[in-house]
file work_13.txt (compact mmCIF, C-alpha atoms)
# COMPACT_ATOMS: atom_id res chain seq x y z
CA MET A 1 89.76 138.45 91.32
CA ARG A 2 92.51 140.46 92.99
CA TRP A 3 95.49 139.20 94.94
CA ARG A 4 96.19 141.09 98.13
CA SER A 5 99.83 140.06 98.08
CA VAL A 6 102.37 138.26 95.91
CA GLN A 7 105.47 136.96 97.66
CA GLU A 8 108.67 135.60 96.15
CA PHE A 9 109.98 132.69 98.16
CA VAL A 10 113.54 131.53 97.45
CA HIS A 11 114.82 128.15 98.55
CA LEU A 12 118.11 126.65 97.30
CA ASP A 13 118.14 129.17 94.44
CA ARG A 14 114.64 128.10 93.40
CA THR A 15 112.02 130.85 93.36
CA MET A 16 108.40 130.05 94.05
CA LEU A 17 105.61 132.64 94.04
CA VAL A 18 102.93 132.66 96.71
CA ARG A 19 99.74 134.63 96.13
CA ARG A 20 97.14 135.50 98.76
CA PRO A 21 93.57 136.35 97.71
CA GLU A 22 91.79 139.40 99.03
CA GLY A 23 89.67 138.72 102.10
CA ASP A 24 91.42 135.59 103.35
CA LEU A 25 92.05 135.07 107.06
CA ASP A 26 95.54 135.61 108.47
CA ASP A 27 94.67 133.49 111.49
CA GLY A 28 92.48 130.91 109.76
CA PRO A 29 93.35 127.30 108.92
CA ALA A 30 95.99 127.21 106.20
CA VAL A 31 94.91 125.94 102.79
CA VAL A 32 97.63 125.73 100.12
CA LEU A 33 96.71 125.39 96.43
CA VAL A 34 99.25 123.76 94.08
CA HIS A 35 98.76 123.79 90.31
CA GLY A 36 99.52 121.13 87.73
CA ILE A 37 101.97 120.86 84.84
CA GLY A 38 102.28 123.79 82.46
CA VAL A 39 99.86 126.10 84.28
CA SER A 40 99.84 128.63 87.12
CA SER A 41 97.75 130.23 89.84
CA ARG A 42 95.39 131.55 87.16
CA TYR A 43 93.03 128.57 87.18
CA TRP A 44 92.57 128.79 90.97
CA THR A 45 90.98 132.24 90.69
CA ARG A 46 87.43 130.90 90.98
CA LEU A 47 88.11 128.58 93.91
CA ALA A 48 90.40 130.78 96.03
CA PRO A 49 87.82 133.54 96.72
CA LEU A 50 85.33 130.93 97.95
CA LEU A 51 87.89 129.56 100.42
CA ALA A 52 89.17 132.99 101.51
CA PRO A 53 86.43 133.86 104.07
CA HIS A 54 87.13 130.61 105.89
CA ALA A 55 90.90 130.07 105.64
CA SER A 56 94.37 131.45 105.20
CA VAL A 57 94.77 130.73 101.50
CA HIS A 58 98.19 130.38 99.86
CA VAL A 59 98.20 129.90 96.07
CA VAL A 60 101.62 128.90 94.80
CA GLU A 61 103.34 129.06 91.44
CA LEU A 62 106.03 126.40 91.40
CA PRO A 63 109.53 127.32 90.20
CA GLY A 64 109.54 127.66 86.41
CA PHE A 65 105.76 128.02 86.03
CA GLY A 66 103.51 131.06 85.69
CA ASP A 67 105.43 134.16 86.72
CA ALA A 68 107.94 132.23 88.82
CA PRO A 69 111.49 132.56 87.43
CA ARG A 70 112.77 129.64 85.39
CA ARG A 71 116.22 128.16 85.75
CA ASP A 72 117.91 125.71 83.40
CA GLU A 73 117.18 122.58 85.38
CA VAL A 74 113.77 120.95 85.66
CA LEU A 75 112.82 120.07 89.23
CA SER A 76 111.62 116.64 90.25
CA ILE A 77 108.36 116.15 92.13
CA GLU A 78 110.42 115.57 95.27
CA GLU A 79 112.24 118.89 94.79
CA HIS A 80 108.99 120.79 94.23
CA ALA A 81 107.64 119.23 97.43
CA SER A 82 110.69 120.21 99.45
CA THR A 83 110.41 123.80 98.17
CA LEU A 84 106.75 123.89 99.19
CA LEU A 85 107.60 122.55 102.65
CA ALA A 86 110.35 125.12 103.09
CA HIS A 87 107.73 127.84 102.55
CA LEU A 88 105.40 126.24 105.11
CA ARG A 89 108.18 126.15 107.68
CA THR A 90 109.22 129.73 107.00
CA GLU A 91 105.63 130.93 107.43
CA GLY A 92 105.06 128.78 110.52
CA LEU A 93 102.25 126.84 108.83
CA ASP A 94 102.28 123.62 110.82
CA SER A 95 98.81 122.20 110.13
CA ALA A 96 98.12 122.95 106.48
CA VAL A 97 95.60 121.35 104.17
CA LEU A 98 97.43 120.87 100.88
CA VAL A 99 95.25 120.95 97.76
CA GLY A 100 96.84 119.80 94.51
CA HIS A 101 95.52 119.47 90.99
CA SER A 102 96.83 116.99 88.42
CA MET A 103 100.65 117.01 88.79
CA GLY A 104 100.10 119.17 91.87
CA VAL A 105 98.54 116.11 93.53
CA GLN A 106 101.91 114.39 93.27
CA VAL A 107 103.60 117.42 94.83
CA VAL A 108 101.26 117.63 97.82
CA VAL A 109 101.31 113.88 98.43
CA GLU A 110 105.10 113.91 98.36
CA ALA A 111 105.17 116.92 100.72
CA ALA A 112 102.98 115.00 103.17
CA LEU A 113 105.37 112.05 102.97
CA GLN A 114 108.44 114.21 103.55
CA ASP A 115 106.98 116.04 106.57
CA PRO A 116 103.69 114.50 107.72
CA ALA A 117 103.69 116.42 111.01
CA ARG A 118 103.24 119.69 109.12
CA VAL A 119 100.29 118.55 106.98
CA ARG A 120 96.74 118.20 108.28
CA ALA A 121 95.26 116.60 105.17
CA VAL A 122 95.74 116.29 101.43
CA VAL A 123 93.13 117.01 98.77
CA GLY A 124 93.90 115.60 95.33
CA ILE A 125 91.85 116.95 92.42
CA GLY A 126 92.19 115.08 89.12
CA GLY A 127 95.23 113.14 90.32
CA VAL A 128 97.89 111.64 88.05
CA VAL A 129 99.48 109.43 86.80
CA ASP A 130 97.18 106.49 86.16
CA PRO A 131 99.56 103.49 85.92
CA SER A 132 97.65 102.23 82.87
CA SER A 133 98.54 105.46 81.03
CA ARG A 134 102.16 105.97 82.03
CA SER A 135 103.48 107.48 78.82
CA THR A 136 103.77 110.93 77.30
CA LEU A 137 101.64 109.94 74.31
CA ARG A 138 98.79 108.53 76.39
CA GLN A 139 98.77 111.59 78.63
CA ALA A 140 98.70 113.86 75.58
CA LEU A 141 95.77 111.97 74.08
CA LYS A 142 93.83 112.20 77.32
CA LEU A 143 94.59 115.91 77.59
CA GLY A 144 93.26 116.43 74.08
CA HIS A 145 90.13 114.50 75.02
CA ASP A 146 89.67 116.67 78.09
CA VAL A 147 89.81 119.88 76.05
CA LEU A 148 86.65 118.74 74.30
CA ARG A 149 84.88 118.34 77.66
CA GLU A 150 85.91 121.58 79.36
CA PRO A 151 83.95 124.84 79.10
CA LEU A 152 85.47 127.49 76.86
CA SER A 153 86.43 129.63 79.86
CA ALA A 154 88.52 126.82 81.38
CA ASN A 155 90.24 126.04 78.09
CA LYS A 156 91.05 129.70 77.61
CA GLU A 157 92.86 129.95 80.95
CA VAL A 158 94.71 126.66 80.63
CA LEU A 159 95.78 127.13 77.02
CA ARG A 160 96.99 130.66 77.79
CA ASP A 161 99.24 129.23 80.49
CA TYR A 162 100.44 126.43 78.21
CA ALA A 163 101.42 129.01 75.61
CA ARG A 164 103.36 130.96 78.22
CA THR A 165 105.06 127.82 79.49
CA GLY A 166 106.08 126.80 75.99
CA LEU A 167 106.24 123.36 74.42
CA ARG A 168 109.94 122.84 75.19
CA TRP A 169 109.61 123.44 78.95
CA TYR A 170 106.40 121.45 79.10
CA LEU A 171 108.01 118.43 77.44
CA ARG A 172 111.08 118.71 79.66
CA THR A 173 108.80 118.59 82.72
CA VAL A 174 106.67 115.63 81.61
CA PRO A 175 109.22 112.91 82.58
CA SER A 176 109.20 114.14 86.20
CA MET A 177 105.43 113.73 86.31
CA ILE A 178 105.36 110.41 84.44
CA GLY A 179 108.19 109.01 86.53
CA TYR A 180 106.68 109.74 89.92
CA ARG A 181 104.74 106.65 91.02
CA THR A 182 101.74 107.99 92.86
CA GLU A 183 100.52 104.43 93.42
CA ASP A 184 103.67 103.69 95.44
CA ALA A 185 103.40 106.90 97.45
CA LEU A 186 99.78 106.66 98.56
CA PRO A 187 100.07 103.54 100.78
CA ARG A 188 102.64 105.43 102.89
CA LEU A 189 100.47 108.48 103.40
CA GLU A 190 99.95 109.16 107.12
CA VAL A 191 97.39 111.95 106.79
CA PRO A 192 93.80 111.88 105.47
CA LEU A 193 93.32 112.08 101.71
CA LEU A 194 90.31 113.46 99.87
CA VAL A 195 90.23 112.34 96.24
CA VAL A 196 88.19 114.67 94.02
CA ARG A 197 87.40 114.07 90.37
CA GLY A 198 85.01 115.54 87.88
CA SER A 199 82.58 112.89 86.69
CA ARG A 200 83.65 113.57 83.06
CA ASP A 201 87.42 113.66 83.67
CA PRO A 202 89.22 111.46 81.08
CA ILE A 203 92.62 111.93 82.75
CA CYS A 204 91.69 110.92 86.28
CA THR A 205 89.24 108.13 85.44
CA ARG A 206 86.76 106.68 87.89
CA GLU A 207 88.83 103.48 88.07
CA TRP A 208 92.04 105.37 88.87
CA ALA A 209 90.29 107.57 91.44
CA GLU A 210 88.93 104.47 93.15
CA GLU A 211 92.39 102.90 93.10
CA MET A 212 93.94 106.00 94.70
CA THR A 213 91.26 105.94 97.38
CA ALA A 214 91.85 102.25 98.09
CA LEU A 215 95.63 102.64 98.23
CA ALA A 216 95.72 105.39 100.86
CA PRO A 217 95.19 104.30 104.49
CA ARG A 218 92.61 107.03 105.21
CA ALA A 219 90.83 108.29 102.12
CA ARG A 220 87.46 109.11 100.66
CA LEU A 221 86.37 109.82 97.09
CA VAL A 222 84.07 112.59 95.89
CA GLU A 223 82.88 113.02 92.30
CA ILE A 224 81.74 116.42 91.09
CA PRO A 225 78.83 115.92 88.65
CA GLY A 226 79.49 117.38 85.22
CA GLY A 227 83.07 118.40 85.96
CA ALA A 228 85.99 117.40 83.74
CA HIS A 229 89.69 117.60 84.62
CA VAL A 230 89.79 121.29 85.63
CA THR A 231 86.74 120.84 87.83
CA MET A 232 87.83 123.42 90.43
CA PHE A 233 87.49 126.06 87.69
CA SER A 234 84.25 124.84 86.11
CA ARG A 235 82.58 123.76 89.40
CA PRO A 236 84.29 125.97 92.02
CA GLN A 237 81.49 126.05 94.60
CA GLU A 238 81.15 122.27 94.75
CA VAL A 239 84.91 121.85 95.11
CA ALA A 240 85.12 124.61 97.74
CA ASP A 241 82.40 122.87 99.77
CA GLU A 242 84.37 119.62 99.75
CA VAL A 243 87.68 121.29 100.61
CA LEU A 244 86.13 123.18 103.52
CA ALA A 245 84.40 120.02 104.73
CA GLU A 246 87.83 118.34 104.82
CA VAL A 247 89.27 121.32 106.73
CA ARG A 248 86.52 121.01 109.33
CA ALA A 249 86.68 117.21 109.51
CA THR A 250 90.41 117.20 110.18
CA ALA A 251 90.47 120.18 112.57
CA ALA A 252 90.66 117.98 115.65
CA ALA A 253 92.73 115.22 114.09
CA PRO A 254 95.90 114.27 116.00
CA PRO A 255 99.17 115.18 114.29
CA ALA A 256 100.91 112.52 112.25
CA ALA A 257 103.68 110.60 113.93
CA THR A 258 107.13 112.11 113.86
CA GLY A 259 110.49 110.42 113.89
CA PRO A 260 112.56 108.65 111.25
CA ALA A 261 109.52 108.09 109.03
CA ALA A 262 108.91 111.83 108.94
CA ALA A 263 112.30 112.71 107.51
CA THR A 264 112.27 115.55 105.03
CA GLY A 265 114.24 113.91 102.23
CA PRO A 266 112.70 112.57 99.01
CA SER A 267 110.63 109.47 99.69
CA VAL A 268 109.59 108.03 96.33
CA ALA A 269 112.08 107.05 93.68
CA ALA A 270 111.27 108.24 90.19
CA ALA A 271 110.98 105.66 87.44
CA PRO A 272 111.77 106.32 83.80
CA PRO A 273 108.86 106.84 81.42
CA SER A 274 107.65 103.77 79.61
call {"tool": "encode", "arguments": {"input": "work_13.txt", "output": "structure tokens"}}
result
Amino acid sequence: MRWRSVQEFVHLDRTMLVRRPEGDLDDGPAVVLVHGIGVSSRYWTRLAPLLAPHASVHVVELPGFGDAPRRDEVLSIEEHASTLLAHLRTEGLDSAVLVGHSMGVQVVVEAALQDPARVRAVVGIGGVVDPSSRSTLRQALKLGHDVLREPLSANKEVLRDYARTGLRWYLRTVPSMIGYRTEDALPRLEVPLLVVRGSRDPICTREWAEEMTALAPRARLVEIPGGAHVTMFSRPQEVADEVLAEVRATAAAPPAATGPAAATGPSVAAAPPS
């Protein structure tokens, strides 16, 4: 697919890239796609064109990932979320559906906690981190298991991005992901949550997906038959249908409450890896 524009967005000396697919709607509902650890916008290239005729689609590359410039420090999940929110405010996107994958789920959940009035809904695909697997080794083993379940095309895109990211940067980023307690964040979520998992995903297990759904005040769970962890790449049409259904379902939803609870500072304390 082709991108119709690529924008550099700088916030507090952090540079994030924002890509727009050809054919998306400037005046449509905003849908923002946020990737996971070690990867980039590349694995959204099958989903984004399916959303484009119906939405204003913004595909980000977080600072330090993909083609986004890398600085010495590794950002926390809270800092990634605040950078994402700064872009939404700059663009005047005040009712966005935030779609995250894997570590990106943590980023979009945290963004909705920091500024719930700006977020219409959150879609979490293959969310992490399952509390029963809160260690670098367990996550690595599950990732290796997932590689065996993904189609070759998905592995090719993901492994290409991992190679570009490099092992050192990947390992430096892992503690931020492991340390963010998604299970503590979800009960405070004020906006609707759609939990999406591939039925063969070994990283976001059925049990963990059900726990995420139960923890959030307003949530529903959808399983994509045959999909593994990168289900939006291997089953893009099914995922697009669910995302667009969430966009439509939340179109008339009242905005989240504002006030002290909607402050824009970090809202979940990171815990050290175990």
call {"tool": "residues_around", "arguments": {"input": "work_13.txt", "residues": "Asp67 in chain A", "least_positions_apart": "5", "cutoff": "9 Å", "atoms": "all atoms listed in the file", "output": "JSON, numbers by chain"}}
result
{"A": [16, 17, 40, 61]}
call {"tool": "closest_residue", "arguments": {"input": "work_13.txt", "among": "A:Ala214, A:Leu244, A:Ala68, A:Leu93", "to": "Asp26 in chain A", "atoms": "all atoms listed in the file"}}
result
A:Leu93
call {"tool": "closest_residue", "arguments": {"input": "work_13.txt", "among": "A:Ile203, A:Val243, A:Leu194, A:Ala249", "to": "Leu221 in chain A", "atoms": "all atoms listed in the file"}}
result
A:Leu194
call {"tool": "residues_near_point", "arguments": {"input": "work_13.txt", "point": "(110.7, 129.2, 82.0)", "cutoff": "8 Å", "atoms": "only C-alpha atoms", "output": "ChimeraX atom specification"}}
result
/A:64-65,68-71,165-166,169
call {"tool": "atom_distance", "arguments": {"input": "work_13.txt", "atom1": "CA of Val32 in chain A", "atom2": "CA of Thr136 in chain A"}}
result
27.9 Å
call {"tool": "axis_aligned_box", "arguments": {"input": "work_13.txt", "around": "range 141-149 of chain A", "padding_each_side": "3 Å", "output": "AutoDock Vina command-line options"}}
result
--center_x 90.3 --center_y 115.9 --center_z 76.1 --size_x 16.9 --size_y 13.9 --size_z 10.0
call {"tool": "closest_residue", "arguments": {"input": "work_13.txt", "among": "A:Val97, A:Ile37, A:Val174, A:Ile77", "to": "Ser56 in chain A", "atoms": "all atoms listed in the file"}}
result
A:Val97
call {"tool": "residues_near_point", "arguments": {"input": "work_13.txt", "point": "(87.1, 113.3, 94.8)", "cutoff": "8 Å", "atoms": "all atoms listed in the file", "output": "PyMOL selection string"}}
result
chain A and resi 124-126+194-198+209+220-224
call {"tool": "closest_residue", "arguments": {"input": "work_13.txt", "among": "A:His101, A:His229, A:Arg248, A:Arg172", "to": "Ser76 in chain A", "atoms": "only C-alpha atoms"}}
result
A:Arg172
call {"tool": "residues_around", "arguments": {"input": "work_13.txt", "residues": "Ile178 in chain A", "least_positions_apart": "3", "cutoff": "12 Å", "atoms": "only C-alpha atoms", "output": "PyMOL selection string"}}
result
chain A and resi 37+76-77+102-103+106+128-140+171-175+181-183+269-274
call {"tool": "atom_distance", "arguments": {"input": "work_13.txt", "atom1": "CA of Ser176 in chain A", "atom2": "CA of Ser234 in chain A"}}
result
27.1 Å
call {"tool": "residues_around", "arguments": {"input": "work_13.txt", "residues": "Ala111 in chain A", "least_positions_apart": "6", "cutoff": "12 Å", "atoms": "only C-alpha atoms", "output": "VMD selection string"}}
result
chain A and resid 32 34 77 to 89 96 to 100 104 to 105 117 to 122 185 to 186 188 to 191 262 to 268
call {"tool": "atom_distance", "arguments": {"input": "work_13.txt", "atom1": "CA of Leu75 in chain A", "atom2": "CA of Thr213 in chain A"}}
result
27.0 Å
call {"tool": "closest_residue", "arguments": {"input": "work_13.txt", "among": "A:Val60, A:Met212, A:Met232, A:Val123", "to": "Pro187 in chain A", "atoms": "only C-alpha atoms"}}
result
A:Met212
call {"tool": "closest_residue", "arguments": {"input": "work_13.txt", "among": "A:Val18, A:Leu148, A:Ala228, A:Leu193", "to": "Glu91 in chain A", "atoms": "all atoms listed in the file"}}
result
A:Val18
call {"tool": "residues_around", "arguments": {"input": "work_13.txt", "residues": "Thr45 in chain A", "least_positions_apart": "4", "cutoff": "8 Å", "atoms": "all atoms listed in the file", "output": "list in words"}}
result
Met1, Ser41, Pro49 and Phe233 of chain A
